[in-house]
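For reference, the structure discussed in these notes is given below.
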Amino acid sequence: MVAFNKYYNHFNFLSSALIIISLLLLIFKGLNFGIDFKGGTLIELRSNDEKINVSSLRDKFRQMNLGDISVKKFGSDNDFLIKFENKDNKKNIIEEIKINLDKSFGNNYDFRRVENVGPKVSAELLKSGVIAISLSLAIMLIYIWVRFEWQFSLGAILALFHDVIVTLGVFSLFSLEINLSIVAAVLTIVGYSMNDTVVIFDRVRENLRKYSDIKIFELTNISINETLSRTIITSATTLLALLAIYFFGGEILKGFSLAMILGVVFGTYSSIYIANTVLVRLRVSQKTVLREDDSK
Amino acid sequence: MLYFSKLRIVFITIFSLLFVLIASSNLFKFDDGFFDKKINLGLDLQGGSYLLLEIDNEPVIEQKLQNLSTTFRNFFKSKDIRLNNIKIDNQNIFFNVTEENKQKVIDIFQDENSQINPYYPRFKSHQLEIEDLGLNLKINFSRQGLINLKTSSQDQAIEIVRRRVDEVGTNEPNILKRGNNRILVELPGLDDPMRIKSLLGKTANLTFRFVTQNADERFGVEKLEYEDGTPAVNVSKRIIISGENLLDAQPKMDTQNNQTIVSFTLDRVGAKRFGKATSAGIGKQLAIVLDGKIISAPVVRDTIASGAGQISGGFTFQSATDLALLLRSGALPAPLEIIEERTVGPDLGQDSINAGMIALAIGFLLVIIFMFVKYRFFGLITNVTLIINLFILLGILTLFEATLTLPGIAGIILTVGMAVDANVLIFERIKEELKDETNNILAFDGGYTKSRTAIIDANITTLLAAVILFFMGSGPVKGFAVTLGVGIFTTLFSVYFIARLFTSFYVAKNKNKGKLI
């Protein structure tokens with residue numbers, strides 16, 4: 001048996017620190033929103049001319065006065081991702097850019113992808129993203145509240161918040177882009193983290209009924225160990241699948257799979273070290289689950 | 001938990017085979033109407049354009065209020081009430097009446113069966129609201145009035161948008177309403193939406209009006225600019241004919257001057273009015289005005305009674321074709337603005353499909369190897385189940401002709417990773433049971449029974465997340481929610497029916513061989 005409970009305090013301290021750092025990052029550094037949420041234009045450009053590189057593209061686009069511009073390589077050496085604000089929301093901006101680029105680069109490039117999100121739409125997408133995440137947290141809360149006693153619900157929800165906040169914190173720290181697929185990833189993380197926590201909690205509750213003389217501190221540790229190989233195998237196969245997406249699924253899915261990988265790691269960790277420690281700190285005992293059984 | 005009746009076994013086999021067949025119809029061609037269904041590829045995979053258009057209703061509201069104010073003036077005149085100082089400002093009509101008439105006017109507007117302020121019997125709300133500002137009265141659209149106005153202008157607009165897109169002839173466009181003032185246009189396979197964008201960006205309001213020097217004409221005049229930059233001239237507000245009078249319009253080559261023109265034919269009413277106007281106006285300039293700009297203003301030389309005519313204006317063949325198309329499809333009730341555009345080229349789409357498939361194959365392989373190494377024989381069972389699970393998932397997506405997107409493929413890969421969870425929960429539980437139970441059958445039975453709540457709980461949480469994502473997400477992300485959500489059901493089916501069937505066969509045969517797992 002692994003003595004997970006020996007480190008409850010240490011990891012609680014670590015988690016609190018991570019949450020505080022993440023919150024500080026989110027408040028002061030903020031998130032790097034993509035055009036989905038900030039509005040603007042994105043062009044994925046493929047060139048077959050060596051003259052076309054990040055700096056020549058940046059120069060060209062600067063001359064066009066499009067507001068804030070970012071040009072980066074995208075995956076391979078001849079793919080570029082260009083993003084700009086399109087501040088005045090000009091109508092035929094893509095045409096103008098094509099004409100301008102044709103002048104210097106001829107026909108040696110093409111636009112593989114163009115996305116243009118107006119300010120109204122981006123504000124709506126942001127709003128619905130926030131609603132979706134809040135709604136999923138709320139529904140998980142209701143679900144777990146119906147299924148378990150309140151102490152368990154609190155533990156699961158704290159673990160959920162931890163996973164979402166720390167994942168976003170990492171995105172803030174490294175200025176990784178937040179777009180629609182990241183919201184999808186966060187929602188899936190919420191589902192996954194809950195899933196992981198519930199499996200351990202199921203076992204904790206079962207053991208609480210079974211053993212009246214074991215203290216919760218010991219009992220959580222037993223339950224974690226009993227479910228440990230499942231936890232490891234499921235996390236491992238999920239991570240294998242996600243790593244396959246990250247390395248082979250193309251540039252577009254990189255952010256999504258990275259967020260998911262982080263989420264699965266944090267989710268697995270938090271099921272053990274946050275969800276369970278809440279039960280310990282709230283002094284859950286056999287009475288907690290038996291009382292509930294009587295009332296049912 | 002380990003017993004299966006014969007009937008059940010037959011049912012499970014048929015069901016699985018059926019979905020394997022349906023899924024394989026994506027690869028082969030069946031022409032029998034049932035197996036010829038295919039998974040739709042999203043725009044991000046097959047390439048294409050997604051345009052979200054918003055209708056700018058402000059001009060419609062202004063126009064409508066303009067018309068209403070005339071109606072009101074005439075209506076109250078017949079009741080011997082004069083409306084003075086009528087003006088329209090910021091989507092309101094303001095006017096004065098004498099103090100003794102004020103209440104009368106308000107009563108007429110607020111009467112439930114009011115002739116000039118409808119909707120009350122149907123919506124329990126009038127079309128218009130009236131307010132006494134002391135100095136004057138204010139009328140504006142009520143909430144219900146605005147909703148009706150927006151819906152009707154959306155209905156008209158979507159019709160025109162459909163006609164224009166159809167005329168360009170892209171393959172299987174998808175045109176849908178969004179809210180009450182937006183239209184979504186999806187154009188699969190189109191990698192340069194420039195032409196469609198410029199066609200949808202024009203209202204195409206065509207009018208024929210006389211150029212006039214006389215600044216105080218009865219109908220009023222306005223100064224209009226030429227499309228080609230020729231200095232502006234005064235044009236009468238009296239409309240001779242408008243786009244509505246056109247029956248047909250076609251681009252033509254005018255062999256005399258060797259230039260491209262748009263020839264048109266008028267309906268009966270239009271032909272009559274056009275004939276009358278041209279006979280009265282010989283020698284005058286007739287301006288052809290499109291969306292507030294003069295295309296050309298030829299001098300009328302002869303009476304045109306045939307109801308056919310032509311528009312010249314320095315067109316290229318392309319611009320003449322576009323103008324003819326716009327005129328044939330009719331004018332939009334209000335200008336449209338493109339507020340969101342996402343275009344993916346077909347080669348990027350293909351690259352995404354390839355990358356997705358490679359990731360799926362590799363992810364699948366990794367999971368299968370891992371499971372085999374970890375559980376040996378039971379890993380094999382899990383893996384066979386996983387393959388059937390994948391087929392059923394693809395079969396269901398095919399059956400419902402669901403749209404597969406790039407995040408959708410990610411959802412399938414993720415399902416592969418998470419699908420083993422249920423089997424792992426069961427196998428681990430069986431291992432625990434076997435610690436103090438020597439009868440294999442009882443241990444396996446107990447393992448299945450005792451792991452059930454955890455499995456159901458775990459899957460419900462993921463399903464909840466998928467459902468929220470489906471309703472809140474847009475476009476490609478929705479595809480992820482679909483595969484993730486459907487994947488949960490297929491996983492539960494394959495774990496509880498297929499894997500359990502295999503397991504029960506194996507256990508029944510080897511029940512006396514010591515610990516099986």
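Residue numbering restarts at 1 for every chain of the structure tokens, chains are lettered A, B, ... in their displayed order, and ligands are numbered from 1 as they appear.
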
Neighbour list for Lys51 of chain A as a list of chain:residue names, cut-off 12 Å, only C-alpha atoms, skip fewer than 3 positions in-chain: A:Ser47, A:Asn48, A:Val54, A:Ser55, A:Ser56, A:Leu57, A:Asn78, A:Leu101, A:Ser104, A:Phe105, A:Gly106, A:Asn108, A:Tyr109

Check which residues of chain B sit at most 8 Å from chain A using only C-alpha atoms, and return one row each with the closest pair of atoms and their distance in Å to one decimal, ordered by chain and rising number, as CSV.
residue,atom,partner,partner_atom,distance
B:Met194,CA,A:Glu95,CA,7.8
B:Ile339,CA,A:Gly118,CA,4.9
B:Glu340,CA,A:Val117,CA,4.6
B:Glu341,CA,A:Asn116,CA,4.9
B:Arg342,CA,A:Glu115,CA,4.3
B:Thr343,CA,A:Val114,CA,5.0
B:Val344,CA,A:Arg113,CA,4.4
B:Gly345,CA,A:Arg112,CA,4.8
B:Pro346,CA,A:Arg112,CA,7.9
B:Asp347,CA,A:Arg112,CA,7.4
B:Leu348,CA,A:Arg112,CA,5.9
B:Ser352,CA,A:Gly250,CA,6.5
B:Ala355,CA,A:Gly249,CA,4.7
B:Gly356,CA,A:Gly249,CA,4.9
B:Met357,CA,A:Gly249,CA,7.9
B:Ile358,CA,A:Phe248,CA,6.4
B:Ala359,CA,A:Phe248,CA,4.9
B:Leu360,CA,A:Ala244,CA,7.3
B:Ile362,CA,A:Ala244,CA,6.0
B:Gly363,CA,A:Ala241,CA,4.4
B:Phe364,CA,A:Ala241,CA,7.0
B:Leu366,CA,A:Leu240,CA,6.4
B:Val367,CA,A:Thr237,CA,5.5
B:Phe370,CA,A:Thr237,CA,7.4
B:Leu406,CA,A:Leu253,CA,7.9
B:Pro407,CA,A:Leu253,CA,7.3
B:Ala410,CA,A:Ile245,CA,6.8
B:Ile413,CA,A:Ala241,CA,6.0
B:Leu414,CA,A:Ala241,CA,6.0
B:Val416,CA,A:Ala241,CA,7.2
B:Gly417,CA,A:Thr238,CA,4.1
B:Met418,CA,A:Thr238,CA,5.5
B:Val420,CA,A:Thr234,CA,7.0
B:Asp421,CA,A:Thr234,CA,5.3
B:Val424,CA,A:Arg230,CA,6.0
B:Leu425,CA,A:Arg230,CA,6.0
B:Glu428,CA,A:Arg230,CA,6.7
B:Thr453,CA,A:Asp202,CA,7.8
B:Ala454,CA,A:Val199,CA,5.3
B:Ile455,CA,A:Val199,CA,7.7
B:Asp457,CA,A:Val198,CA,6.8
B:Ala458,CA,A:Asn195,CA,4.2
B:Asn459,CA,A:Asn195,CA,7.0
B:Thr461,CA,A:Gly191,CA,5.2
B:Thr462,CA,A:Gly191,CA,4.3
B:Leu463,CA,A:Gly191,CA,7.6
B:Leu464,CA,A:Gly191,CA,7.3
B:Ala465,CA,A:Gly191,CA,5.5
B:Ala466,CA,A:Thr188,CA,7.3
B:Ile468,CA,A:Ala132,CA,6.5
B:Leu469,CA,A:Ala184,CA,6.7
B:Met472,CA,A:Ala132,CA,6.0
B:Gly473,CA,A:Ala184,CA,7.7
B:Val477,CA,A:Ser181,CA,6.3
B:Phe480,CA,A:Ala184,CA,7.9

Counting only C-alpha atoms, what is within 12 Å of Ser142 of chain B, bar same-chain residues fewer than 3 positions away, as a count of residues only? 22

B:Val221, B:Ile81, B:Ala23, B:Lys284 ranked by distance to Glu100 of chain B, top pick (using only C-alpha atoms):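 The closest residue to Glu100 of chain B is B:Ile81.
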
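Put simply, atom CA of Ala334 of chain B is 7.4 Å away from atom CA of Ser153 of chain B.
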